[in-house]
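Taking it in order: structure first as structure tokens, then the write-up.
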Amino acid sequence: MALSETTHALEFLLSEAPGGRSRESGTLNSGQSCVAGEVLGRIMTAAGAKVSGTGDGTVGAVTVGPAAQVGTYALICIAESGNAGTFSVTAPDGTALPNLTVAAAYASQHINLTVADGASDWDIGDVIHVTVTGGDYEALDPAATTGEQTACAILIGTTDATDADQGIAVIARDAEVSSALLTWPSGISDTNRALATSRLAARGIIIR
């Protein structure tokens, strides 16, 4: 009988940072079965709320893009007008994103939402925070919209979470890995693979 040997735990790893800095614990979402060396995304949840100011418009549902960062996005009103206004948008790492226009859908590689006008207009200096929280890991899925489309880690050991969530360890930052021993989504396009590679590189995970 022929046997097929799967990738061993950490077989893909060429080098990592000292002191366990490259590694992180987490949870593989139920319904997933992933092998050592599989490229992972992470489910993210996001919500926005006014922090300060006189404007009483609402913050609509927030979805995340492929460059979304875990942390708090700061939206600050920089221009006011009747039933409108403009907010600057700053990512958790301090990156300035395109401005947001009140009452118009805002789309970016980071967050997507609509800030509505209210009975009291937004005033200069009003602040909205959009908080992005990282949750369970799943196999990378370029077609997803809830975080799994963003490559962010590599699974250390084969894990079957088909029936229930399972605890896992991942390489999350500052490491070199073997291209030949990584597992990608079946049929991933060259464009999506290049994007995923760049997202991993932004975390210090270099594919050799």
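Quick note on naming: the chains in the structure tokens go A, B, ... in the order shown, residues restart at 1 in each chain, and ligands are numbered from 1 in order of appearance.
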Give one line per residue of region 15-86 of chain A that approaches region 159-176 of chain A to at most 8 Å, naming the two atoms of the closest pair and their distance in Å to one decimal, counting only C-alpha atoms; sort by chain then ascending residue number and deliver it as JSON lines.
```
{"residue": "A:Ser15", "atom": "CA", "partner": "A:Glu176", "partner_atom": "CA", "distance": 5.1}
{"residue": "A:Glu16", "atom": "CA", "partner": "A:Ala175", "partner_atom": "CA", "distance": 4.2}
{"residue": "A:Ala17", "atom": "CA", "partner": "A:Asp174", "partner_atom": "CA", "distance": 5.9}
{"residue": "A:Arg21", "atom": "CA", "partner": "A:Arg173", "partner_atom": "CA", "distance": 7.5}
{"residue": "A:Ser22", "atom": "CA", "partner": "A:Arg173", "partner_atom": "CA", "distance": 4.8}
{"residue": "A:Arg23", "atom": "CA", "partner": "A:Ile171", "partner_atom": "CA", "distance": 4.7}
{"residue": "A:Glu24", "atom": "CA", "partner": "A:Val170", "partner_atom": "CA", "distance": 5.4}
{"residue": "A:Ser25", "atom": "CA", "partner": "A:Ala169", "partner_atom": "CA", "distance": 4.4}
{"residue": "A:Gly26", "atom": "CA", "partner": "A:Ile168", "partner_atom": "CA", "distance": 5.3}
{"residue": "A:Thr27", "atom": "CA", "partner": "A:Gly167", "partner_atom": "CA", "distance": 4.5}
{"residue": "A:Leu28", "atom": "CA", "partner": "A:Gln166", "partner_atom": "CA", "distance": 5.3}
{"residue": "A:Asn29", "atom": "CA", "partner": "A:Asp165", "partner_atom": "CA", "distance": 5.0}
{"residue": "A:Ser30", "atom": "CA", "partner": "A:Asp165", "partner_atom": "CA", "distance": 4.4}
{"residue": "A:Gly31", "atom": "CA", "partner": "A:Thr162", "partner_atom": "CA", "distance": 4.1}
{"residue": "A:Gln32", "atom": "CA", "partner": "A:Thr162", "partner_atom": "CA", "distance": 5.1}
{"residue": "A:Ser33", "atom": "CA", "partner": "A:Asp160", "partner_atom": "CA", "distance": 4.3}
{"residue": "A:Cys34", "atom": "CA", "partner": "A:Thr159", "partner_atom": "CA", "distance": 5.5}
{"residue": "A:Val35", "atom": "CA", "partner": "A:Thr159", "partner_atom": "CA", "distance": 6.2}
{"residue": "A:Ala36", "atom": "CA", "partner": "A:Thr159", "partner_atom": "CA", "distance": 7.7}
```
Using DSSP on the backbone, list every residue of region 143-196 of chain A that comes out as strand (DSSP E), and give them as a VMD selection string. chain A and resid 153 to 155 159 to 161 166 to 171 175 to 177
May I have the residues within 10 Å of Thr183 (chain A) as a CSV table (one decimal) with N, CA and C atoms, in the first residue's frame, using only C-alpha atoms and disregarding those fewer than 4 positions away in the same chain?
```
chain,number,residue,atom,x,y,z
A,7,THR,N,3.7,17.2,5.1
A,7,THR,CA,4.8,18.1,5.6
A,7,THR,C,4.8,18.0,7.2
A,12,PHE,N,8.8,23.6,7.0
A,12,PHE,CA,8.9,24.8,6.1
A,12,PHE,C,9.8,25.9,6.6
A,34,CYS,N,-6.2,21.9,8.2
A,34,CYS,CA,-5.1,22.6,7.5
A,34,CYS,C,-3.8,21.8,7.9
A,35,VAL,N,-2.9,21.9,7.0
A,35,VAL,CA,-1.6,21.2,7.1
A,35,VAL,C,-0.5,22.1,7.5
A,36,ALA,N,0.6,21.5,8.1
A,36,ALA,CA,1.7,22.3,8.4
A,36,ALA,C,2.2,23.0,7.2
A,37,GLY,N,2.5,24.3,7.4
A,37,GLY,CA,3.0,25.1,6.2
A,37,GLY,C,1.9,25.8,5.4
A,38,GLU,N,0.6,25.6,5.9
A,38,GLU,CA,-0.5,26.2,5.2
A,38,GLU,C,-0.5,27.7,5.5
A,39,VAL,N,-0.7,28.5,4.4
A,39,VAL,CA,-0.8,30.0,4.6
A,39,VAL,C,-2.2,30.3,5.1
A,40,LEU,N,-2.3,31.1,6.2
A,40,LEU,CA,-3.5,31.4,6.9
A,40,LEU,C,-3.9,32.9,6.8
A,139,ALA,N,-7.8,28.9,6.7
A,139,ALA,CA,-7.0,28.9,5.5
A,139,ALA,C,-7.2,30.1,4.6
A,140,LEU,N,-6.1,30.6,4.0
A,140,LEU,CA,-6.2,31.8,3.2
A,140,LEU,C,-7.3,31.6,2.1
A,154,ILE,N,1.5,31.5,9.1
A,154,ILE,CA,1.7,30.1,8.5
A,154,ILE,C,1.6,29.1,9.7
A,155,LEU,N,0.8,28.1,9.4
A,155,LEU,CA,0.5,27.1,10.4
A,155,LEU,C,1.7,26.2,10.7
A,179,SER,N,9.5,28.2,0.1
A,179,SER,CA,8.4,28.3,-0.8
A,179,SER,C,7.9,26.9,-1.2
```
Pick from A:Ala180, A:Val132, A:Ile124, A:Ala196: nearest to Pro66 (chain A), with only C-alpha atoms counted?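 Closest to Pro66 (chain A) of all the choices is A:Ala196.
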